[in-house]
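The file work.cif comes next; it holds mmCIF, C-alpha atoms and all ligand atoms.
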```
data_input
loop_
_atom_site.label_atom_id
_atom_site.label_comp_id
_atom_site.auth_asym_id
_atom_site.auth_seq_id
_atom_site.Cartn_x
_atom_site.Cartn_y
_atom_site.Cartn_z
CA MET S 25 117.87 50.99 110.20
CA LYS S 26 117.56 49.68 106.73
CA ARG S 27 115.64 52.03 104.51
CA MET S 28 113.27 50.50 102.12
CA ARG S 29 113.18 52.12 98.74
CA PRO S 30 109.67 53.37 98.16
CA GLY S 31 107.57 51.01 96.22
CA ARG S 32 110.34 48.52 95.70
CA ARG S 33 108.46 45.66 97.18
CA THR S 34 105.04 46.50 95.95
CA LEU S 35 105.67 47.54 92.38
CA ILE S 36 106.31 44.48 90.29
CA SER S 37 106.67 45.38 86.66
CA ARG S 38 104.43 43.79 84.09
CA ARG S 39 107.49 42.21 82.57
CA GLN S 40 108.58 40.65 85.86
CA LEU S 41 105.08 39.40 86.36
CA LEU S 42 105.00 37.85 82.90
CA VAL S 43 108.42 36.27 83.23
CA GLY S 44 107.52 34.97 86.68
CA ALA S 45 104.25 33.57 85.46
CA GLY S 46 106.03 32.06 82.50
CA MET S 47 108.55 30.29 84.68
CA ALA S 48 105.88 29.07 87.05
CA ALA S 49 103.87 27.82 84.13
CA GLY S 50 106.96 26.18 82.71
CA GLY S 51 107.24 24.22 85.93
CA VAL S 52 103.62 23.21 85.81
CA VAL S 53 103.86 22.28 82.16
CA LEU S 54 106.91 20.11 82.75
CA ALA S 55 105.52 18.53 85.89
CA SER S 56 102.24 17.64 84.23
CA ARG S 57 103.86 16.41 81.01
CA ALA S 58 101.49 18.73 79.20
CA SER S 59 102.62 19.83 75.79
CA TRP S 60 105.79 21.81 75.44
CA PRO S 61 106.83 23.68 72.33
CA PRO S 62 108.76 21.08 70.34
CA SER S 63 111.17 23.58 68.86
CA CYS S 64 112.34 25.24 72.09
CA ARG S 65 116.04 24.93 71.42
CA GLY S 66 118.89 27.41 71.42
CA VAL S 67 118.71 31.08 72.26
CA PHE S 68 115.40 31.79 70.54
CA GLY S 69 114.02 28.57 71.90
CA VAL S 70 114.23 29.93 75.43
CA SER S 71 112.12 32.95 74.53
CA ASP S 72 109.68 30.81 72.53
CA ALA S 73 109.26 28.56 75.53
CA LEU S 74 108.77 31.53 77.85
CA THR S 75 106.15 33.10 75.58
CA PHE S 76 104.37 29.78 75.31
CA ALA S 77 104.39 29.12 79.04
CA THR S 78 103.26 32.67 79.83
CA HIS S 79 100.35 32.49 77.41
CA ARG S 80 99.29 29.11 78.70
CA ALA S 81 99.48 30.40 82.29
CA LEU S 82 97.69 33.71 81.79
CA LEU S 83 95.10 32.88 79.16
CA SER S 84 92.36 30.54 80.14
CA PRO S 85 91.95 27.73 77.61
CA ASP S 86 88.77 29.31 76.31
CA THR S 87 89.93 32.93 76.10
CA LEU S 88 88.63 34.07 72.75
CA ALA S 89 90.49 36.09 70.16
CA ARG S 90 88.61 39.32 69.45
CA GLU S 91 85.67 39.00 67.07
CA PHE S 92 84.39 41.87 64.94
CA GLY S 93 81.20 42.93 63.22
CA ARG S 94 80.73 42.08 59.56
CA ASP S 95 81.11 45.78 58.70
CA MET S 96 84.77 45.47 59.68
CA ILE S 97 85.57 42.82 57.05
CA THR S 98 88.57 43.83 54.93
CA ARG S 99 87.80 44.34 51.26
CA ASN S 100 90.46 42.57 49.19
CA PHE S 101 91.76 40.36 51.95
CA PRO S 102 95.42 39.73 50.98
CA VAL S 103 96.64 36.33 49.84
CA LEU S 104 99.93 35.20 51.28
CA GLY S 105 102.01 32.29 50.06
CA THR S 106 100.49 29.70 47.77
CA ALA S 107 97.48 31.03 45.85
CA ASP S 108 96.86 28.13 43.47
CA PRO S 109 98.60 24.81 44.20
CA GLU S 110 100.21 23.21 41.14
CA ASP S 111 99.53 19.69 42.38
CA ALA S 112 97.76 17.77 39.58
CA ARG S 113 95.46 15.82 41.88
CA TYR S 114 94.42 19.08 43.57
CA GLN S 115 93.55 20.66 40.22
CA GLN S 116 91.50 17.58 39.35
CA LEU S 117 89.58 17.80 42.63
CA ARG S 118 89.06 21.51 42.09
CA ALA S 119 87.63 20.90 38.62
CA GLY S 120 85.11 18.56 40.24
CA GLY S 121 84.05 21.15 42.80
CA PHE S 122 85.93 19.23 45.51
CA ALA S 123 83.16 16.60 45.62
CA ASP S 124 85.84 13.87 45.70
CA TRP S 125 88.11 15.70 48.14
CA ARG S 126 88.84 13.75 51.32
CA LEU S 127 90.76 14.62 54.46
CA PRO S 128 92.52 11.51 55.82
CA VAL S 129 92.77 11.43 59.61
CA ASP S 130 95.07 8.87 61.22
CA GLY S 131 97.26 8.22 64.25
CA LEU S 132 95.74 8.15 67.74
CA VAL S 133 92.12 7.84 66.62
CA SER S 134 89.67 4.97 67.12
CA HIS S 135 90.21 4.07 63.46
CA PRO S 136 91.66 5.99 60.50
CA VAL S 137 89.00 7.79 58.46
CA GLU S 138 88.68 9.99 55.39
CA LEU S 139 86.40 12.97 55.89
CA SER S 140 84.48 14.44 52.97
CA LEU S 141 83.56 18.08 52.59
CA ALA S 142 79.89 17.11 52.81
CA PHE S 143 80.52 15.37 56.12
CA LEU S 144 82.35 18.39 57.56
CA LYS S 145 79.49 20.62 56.41
CA SER S 146 76.95 18.31 58.06
CA LEU S 147 78.47 18.97 61.48
CA PRO S 148 77.40 22.04 63.50
CA SER S 149 79.11 25.12 62.07
CA ARG S 150 80.66 28.17 63.61
CA THR S 151 81.09 31.56 61.93
CA GLN S 152 83.53 34.12 63.29
CA VAL S 153 84.86 37.47 62.10
CA THR S 154 88.48 37.66 63.18
CA GLN S 155 91.72 39.39 62.37
CA GLN S 156 94.55 37.53 60.71
CA SER S 157 97.98 38.91 61.55
CA CYS S 158 100.81 37.90 59.27
CA GLU S 159 104.40 37.80 60.43
CA GLU S 160 105.15 39.97 57.40
CA GLY S 161 103.49 42.91 59.10
CA TRP S 162 99.95 43.17 57.74
CA SER S 163 96.64 42.20 59.19
CA ALA S 164 93.17 41.81 57.73
CA ILE S 165 89.72 40.93 59.00
CA GLY S 166 87.68 38.13 57.49
CA GLU S 167 84.63 36.04 58.26
CA TRP S 168 85.30 32.34 58.51
CA THR S 169 82.78 29.51 58.61
CA GLY S 170 83.64 25.96 59.44
CA VAL S 171 83.45 23.19 61.98
CA GLN S 172 85.28 23.39 65.26
CA LEU S 173 88.33 21.13 65.19
CA SER S 174 87.33 19.95 68.68
CA ARG S 175 84.11 18.59 67.19
CA VAL S 176 85.99 16.78 64.42
CA LEU S 177 88.42 15.26 66.94
CA HIS S 178 85.42 14.04 68.90
CA GLU S 179 83.87 12.53 65.75
CA VAL S 180 87.03 10.60 64.86
CA GLY S 181 87.46 9.26 68.40
CA ALA S 182 90.67 11.00 69.41
CA ALA S 183 92.53 8.91 71.99
CA PRO S 184 93.20 10.48 75.39
CA GLN S 185 96.96 10.09 74.85
CA ALA S 186 96.83 12.39 71.82
CA ARG S 187 98.73 15.59 72.59
CA TYR S 188 99.23 17.10 69.16
CA VAL S 189 97.47 17.31 65.84
CA VAL S 190 99.83 17.36 62.87
CA PHE S 191 98.55 18.89 59.63
CA GLU S 192 99.78 18.47 56.07
CA THR S 193 98.87 20.51 53.03
CA VAL S 194 98.73 20.11 49.26
CA ASP S 195 101.58 22.61 48.77
CA GLY S 196 103.98 20.86 51.15
CA TRP S 197 103.48 22.92 54.30
CA TRP S 198 103.03 21.06 57.56
CA ASP S 199 102.56 22.17 61.14
CA SER S 200 101.17 21.01 64.46
CA LEU S 201 99.00 22.26 67.31
CA ASP S 202 98.94 21.15 70.91
CA MET S 203 95.58 20.20 72.38
CA ALA S 204 95.08 23.60 74.03
CA ASP S 205 94.90 25.21 70.58
CA ALA S 206 93.37 22.22 68.80
CA LEU S 207 90.43 22.17 71.23
CA HIS S 208 90.05 25.96 71.42
CA PRO S 209 86.51 27.01 70.43
CA GLN S 210 87.73 29.31 67.63
CA THR S 211 90.02 26.73 66.04
CA LEU S 212 88.16 25.73 62.88
CA LEU S 213 88.43 23.57 59.84
CA ALA S 214 87.05 26.41 57.73
CA TYR S 215 85.27 25.84 54.41
CA GLY S 216 83.64 29.26 54.08
CA MET S 217 84.85 32.84 53.90
CA ASN S 218 82.81 36.06 53.93
CA GLY S 219 79.57 34.16 53.35
CA GLY S 220 80.68 32.04 50.38
CA ASP S 221 82.79 28.95 49.78
CA LEU S 222 86.42 29.33 50.80
CA PRO S 223 88.12 30.71 47.65
CA VAL S 224 91.05 28.77 46.20
CA PRO S 225 93.67 31.47 46.99
CA HIS S 226 92.60 31.35 50.64
CA GLY S 227 93.03 27.58 50.89
CA ALA S 228 90.02 25.78 49.38
CA PRO S 229 88.33 23.57 50.10
CA VAL S 230 89.34 23.50 53.79
CA ARG S 231 91.87 25.50 55.77
CA LEU S 232 92.76 25.76 59.40
CA ARG S 233 91.89 28.85 61.45
CA VAL S 234 94.00 29.28 64.58
CA GLU S 235 92.91 32.68 65.78
CA ARG S 236 95.27 33.09 68.73
CA GLN S 237 98.40 32.61 66.64
CA LEU S 238 100.04 34.40 63.70
CA GLY S 239 98.71 33.77 60.21
CA TYR S 240 101.30 31.19 59.27
CA LYS S 241 99.75 28.66 61.68
CA SER S 242 96.43 28.82 59.79
CA LEU S 243 97.36 26.30 57.13
CA LYS S 244 95.59 26.46 53.77
CA PHE S 245 94.80 23.52 51.44
CA LEU S 246 94.67 20.88 54.18
CA SER S 247 95.47 17.38 52.94
CA LYS S 248 95.93 15.29 56.09
CA MET S 249 95.61 15.24 59.88
CA THR S 250 97.49 12.94 62.25
CA LEU S 251 96.93 12.69 66.00
CA THR S 252 100.05 11.93 67.95
CA ASP S 253 101.51 11.97 71.45
CA ARG S 254 104.82 13.51 70.33
CA VAL S 255 106.19 15.46 67.42
CA ASP S 256 109.92 15.20 68.10
CA ASN S 257 109.99 11.96 66.10
CA ILE S 258 108.20 13.44 63.08
CA ARG S 259 110.27 14.75 60.16
CA ASP S 260 112.93 17.11 61.56
CA GLY S 261 111.40 17.07 65.04
CA THR S 262 110.52 20.79 65.10
CA GLY S 263 106.77 20.34 64.80
CA SER S 264 106.47 22.81 61.95
CA ALA S 265 107.71 23.46 58.41
CA SER S 266 108.12 27.13 59.34
CA TYR S 267 110.75 26.53 61.98
CA VAL S 268 113.65 26.14 59.57
CA ASP S 269 112.73 29.55 58.17
CA GLY S 270 113.08 31.11 61.61
CA PHE S 271 109.45 31.06 62.75
CA ALA S 272 108.59 29.72 66.17
CA TRP S 273 106.38 26.66 66.49
CA TYR S 274 104.28 28.65 68.92
CA ALA S 275 103.20 31.93 67.33
CA GLY S 276 100.77 33.14 69.97
CA ILE S 277 99.60 36.74 69.84
N1 LIG Y 301 99.33 25.67 52.80
C1 LIG Y 301 99.65 26.93 53.06
N2 LIG Y 301 99.15 27.50 54.18
C2 LIG Y 301 99.44 28.79 54.48
C3 LIG Y 301 100.29 29.56 53.66
C4 LIG Y 301 100.78 28.93 52.47
O1 LIG Y 301 101.51 29.53 51.66
N3 LIG Y 301 100.43 27.62 52.21
N4 LIG Y 301 100.60 30.85 54.03
C5 LIG Y 301 100.45 31.18 55.46
C6 LIG Y 301 100.61 32.56 55.82
S1 LIG Y 301 102.17 33.14 56.08
C7 LIG Y 301 99.53 33.34 56.12
S2 LIG Y 301 99.69 34.91 56.72
C8 LIG Y 301 98.18 32.87 55.81
C9 LIG Y 301 97.67 33.64 54.62
O2 LIG Y 301 96.33 33.32 54.37
P1 LIG Y 301 95.58 34.08 53.19
O3 LIG Y 301 96.34 33.81 51.94
O4 LIG Y 301 94.20 33.56 53.21
O5 LIG Y 301 95.66 35.55 53.54
O6 LIG Y 301 98.09 31.50 55.48
C10 LIG Y 301 99.12 30.69 55.99
N5 LIG Y 301 98.88 29.33 55.59
MO MO Y 302 101.88 35.08 57.25
#
```
Will you turn the file into structure tokens for me?
Ligand SMILES: Nc1nc2c(c(=O)[nH]1)N[C@H]1C(S)=C(S)[C@@H](COP(=O)(O)O)O[C@H]1N2
Ligand SMILES: [Mo]
Amino acid sequence: MKRMRPGRRTLISRRQLLVGAGMAAGGVVLASRASWPPSCRGVFGVSDALTFATHRALLSPDTLAREFGRDMITRNFPVLGTADPEDARYQQLRAGGFADWRLPVDGLVSHPVELSLAFLKSLPSRTQVTQQSCEEGWSAIGEWTGVQLSRVLHEVGAAPQARYVVFETVDGWWDSLDMADALHPQTLLAYGMNGGDLPVPHGAPVRLRVERQLGYKSLKFLSKMTLTDRVDNIRDGTGSASYVDGFAWYAGI
């Protein structure tokens, strides 16, 4: 008689479960032509794709990143990367209190528009105290106020074929989100931090908050948004400026 090793059939490790779920989700993602990480190439690409598929399978679209009380806000929240863009036009806008700042939105929208700070502030706002984790190994908690990106996409008449939002910044960064993250309730175009205006070093006047991914996806100094159905035909096709530096397009945590 064949002896069954105790527990062999019943005990599935967490890892097996995750990998299994990831593969299943990969199938679903491919079959449905839902978004797929654009930069899933090569050896690391396989693991990026698996992480992505697992997260999409196990986390419901509205699973929230943890929010904290205001008493948990980090004093001296670190600044990483650009703290004060050199761009002349940016400095001019800054001198004018960003009254003339506009965020162009084009691509798969009912018609291209330029959004002012006043307009963004006129939309319903959301405030959240969340933790930013940087790939460099630190994390800090801050309070962010802004408008949900989902609301802005609604306002600009995002077309149903739109599958990604591509963002550009004053300091030359660019990145993209798929609709699952773009429409997530905690994904904000943030114009406030810790109760005041968003300070310049943290990305004034408007930055992205993507709370379920590492800090580098939360672009500062936004200068443009484009809605698109694919990102493989944009720039180097990786969907993100960070990819060439070794950072995955999908940085879910
Ligand atoms: N435009 C732009 N966005 C950016 C960066 C940057 O240098 N420029 N740094 C990124 C990184 S790596 C992190 S961790 C956070 C840092 O945000 P903070 O400076 O407000 O802490 O912003 C991200 N967004
Ligand atoms: Mo970072």
Next on the checklist: Neighbouring residues of ligand LIG 301 (chain Y) are defined here as those with any atom at most 8 Å from a ligand atom, counting only C-alpha atoms and all ligand atoms; list them as a PyMOL selection string.
Outcome noted: chain S and resi 101-107+156-160+164+192-198+225-227+231+238-246
Item to check | Nearest to Val176 in chain S by atom-to-atom distance, counting all atoms listed in the file, from S:Tyr274, S:Phe76, S:Phe191, S:Phe143 | outcome: S:Phe143
Item to check | Distance query 12 Å from (93.5, 25.7, 67.8) using only C-alpha atoms, result as JSON, numbers by chain | outcome: {"S": [85, 86, 87, 88, 89, 171, 172, 173, 174, 175, 177, 188, 189, 190, 191, 199, 200, 201, 202, 203, 204, 205, 206, 207, 208, 209, 210, 211, 212, 213, 214, 232, 233, 234, 235, 236, 237, 238, 241, 242, 243, 274, 275, 276]}
Item to check | Minimum-distance residue to Asp124 in chain S, chosen among S:Asp253, S:Glu167, S:Glu138, S:Glu110 (using all atoms listed in the file) | outcome: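 Of S:Asp253, S:Glu167, S:Glu138, S:Glu110, the one nearest Asp124 in chain S, counting all atoms listed in the file, is S:Glu138.
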Item to check | Distance criterion (all atoms listed in the file): nearest to ligand MO 302 (chain Y) out of S:Ser149, S:Ser266, S:Pro61, S:Ser140 | outcome: S:Ser266
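With CA of Trp168 in chain S on one side and CA of Arg99 in chain S on the other, the separation reads 14.2 Å.
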Checklist entry - With only C-alpha atoms and all ligand atoms as the basis for distance, which of S:Gly131, S:Gly161, S:Gly181, S:Pro109 is at the shortest distance from ligand MO 302 (chain Y)? => result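 Comparing S:Gly131, S:Gly161, S:Gly181, S:Pro109 against ligand MO 302 (chain Y), the winner is S:Gly161.
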Checklist entry - Suppose you want the space between CA of Ile277 in chain S and CA of Gln155 in chain S; what is it in Å? => result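 Distance reported for this atom pair: 11.2 Å.
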Checklist entry - CA of Gly170 in chain S and CA of Gly120 in chain S, how far apart in Å? => result 20.6 Å
Checklist entry - Pick the closest to ligand MO 302 (chain Y) from S:Tyr114, S:Asn218, S:Ser163, S:His79: which is it, counting all atoms listed in the file? => result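 That would be S:Ser163, the residue with the smallest distance to ligand MO 302 (chain Y).
Of the residues listed (S:Val129, S:Val230, S:Ala123, S:Leu139), S:Val230 shows the shortest atom-to-atom separation from Thr169 in chain S; distances use only C-alpha atoms.
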Next on the checklist: For Val153 in chain S, find every residue with an atom within 6 Å (counting only C-alpha atoms), except residues of its own chain fewer than 4 positions away, and show them as a VMD selection string.
Outcome noted: chain S and resid 91 to 92 166 to 167
Next on the checklist: Need the shell around Arg118 in chain S: protein/DNA/RNA residues with any atom at most 9 Å away, counting all atoms listed in the file. Skip same-chain ones fewer than 4 positions apart. Format as an MDAnalysis selection string?
Outcome noted: chainID S and resid 113:114 122:123 125 224 228:229
Any chance you could model N, CA, C and O atoms for range 192-207 of chain S and send them as a CSV table (one decimal), keeping the file's coordinate frame?
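Written out: selection_20.csv:
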```
chain,number,residue,atom,x,y,z
S,192,GLU,N,99.0,18.4,57.3
S,192,GLU,CA,99.8,18.5,56.1
S,192,GLU,C,98.9,19.2,55.0
S,192,GLU,O,97.7,19.2,55.2
S,193,THR,N,99.6,19.8,54.1
S,193,THR,CA,98.9,20.5,53.0
S,193,THR,C,99.3,20.1,51.6
S,193,THR,O,100.4,19.5,51.4
S,194,VAL,N,98.5,20.4,50.7
S,194,VAL,CA,98.7,20.1,49.3
S,194,VAL,C,100.0,20.7,48.8
S,194,VAL,O,100.7,20.2,47.9
S,195,ASP,N,100.4,21.9,49.3
S,195,ASP,CA,101.6,22.6,48.8
S,195,ASP,C,102.8,22.3,49.6
S,195,ASP,O,103.8,23.1,49.6
S,196,GLY,N,102.8,21.3,50.4
S,196,GLY,CA,104.0,20.9,51.2
S,196,GLY,C,104.2,21.5,52.5
S,196,GLY,O,105.3,21.3,53.1
S,197,TRP,N,103.3,22.4,52.9
S,197,TRP,CA,103.5,22.9,54.3
S,197,TRP,C,103.0,21.8,55.3
S,197,TRP,O,102.3,20.9,54.9
S,198,TRP,N,103.5,21.9,56.5
S,198,TRP,CA,103.0,21.1,57.6
S,198,TRP,C,103.3,21.8,58.9
S,198,TRP,O,104.1,22.7,59.0
S,199,ASP,N,102.5,21.5,59.9
S,199,ASP,CA,102.6,22.2,61.1
S,199,ASP,C,101.8,21.3,62.2
S,199,ASP,O,101.2,20.3,61.8
S,200,SER,N,101.9,21.8,63.4
S,200,SER,CA,101.2,21.0,64.5
S,200,SER,C,100.6,22.0,65.5
S,200,SER,O,101.2,23.1,65.7
S,201,LEU,N,99.6,21.5,66.2
S,201,LEU,CA,99.0,22.3,67.3
S,201,LEU,C,99.0,21.4,68.5
S,201,LEU,O,98.8,20.1,68.4
S,202,ASP,N,99.2,21.9,69.7
S,202,ASP,CA,98.9,21.2,70.9
S,202,ASP,C,97.4,21.2,71.2
S,202,ASP,O,96.7,21.8,70.5
S,203,MET,N,97.0,20.4,72.2
S,203,MET,CA,95.6,20.2,72.4
S,203,MET,C,94.9,21.5,72.9
S,203,MET,O,93.7,21.7,72.6
S,204,ALA,N,95.7,22.3,73.6
S,204,ALA,CA,95.1,23.6,74.0
S,204,ALA,C,94.6,24.4,72.8
S,204,ALA,O,93.5,25.0,72.9
S,205,ASP,N,95.4,24.5,71.8
S,205,ASP,CA,94.9,25.2,70.6
S,205,ASP,C,94.0,24.4,69.7
S,205,ASP,O,93.1,24.9,69.1
S,206,ALA,N,94.2,23.1,69.6
S,206,ALA,CA,93.4,22.2,68.8
S,206,ALA,C,91.9,22.2,69.3
S,206,ALA,O,91.0,22.2,68.5
S,207,LEU,N,91.8,22.2,70.6
S,207,LEU,CA,90.4,22.2,71.2
S,207,LEU,C,89.8,23.5,71.5
S,207,LEU,O,88.7,23.6,72.0
```
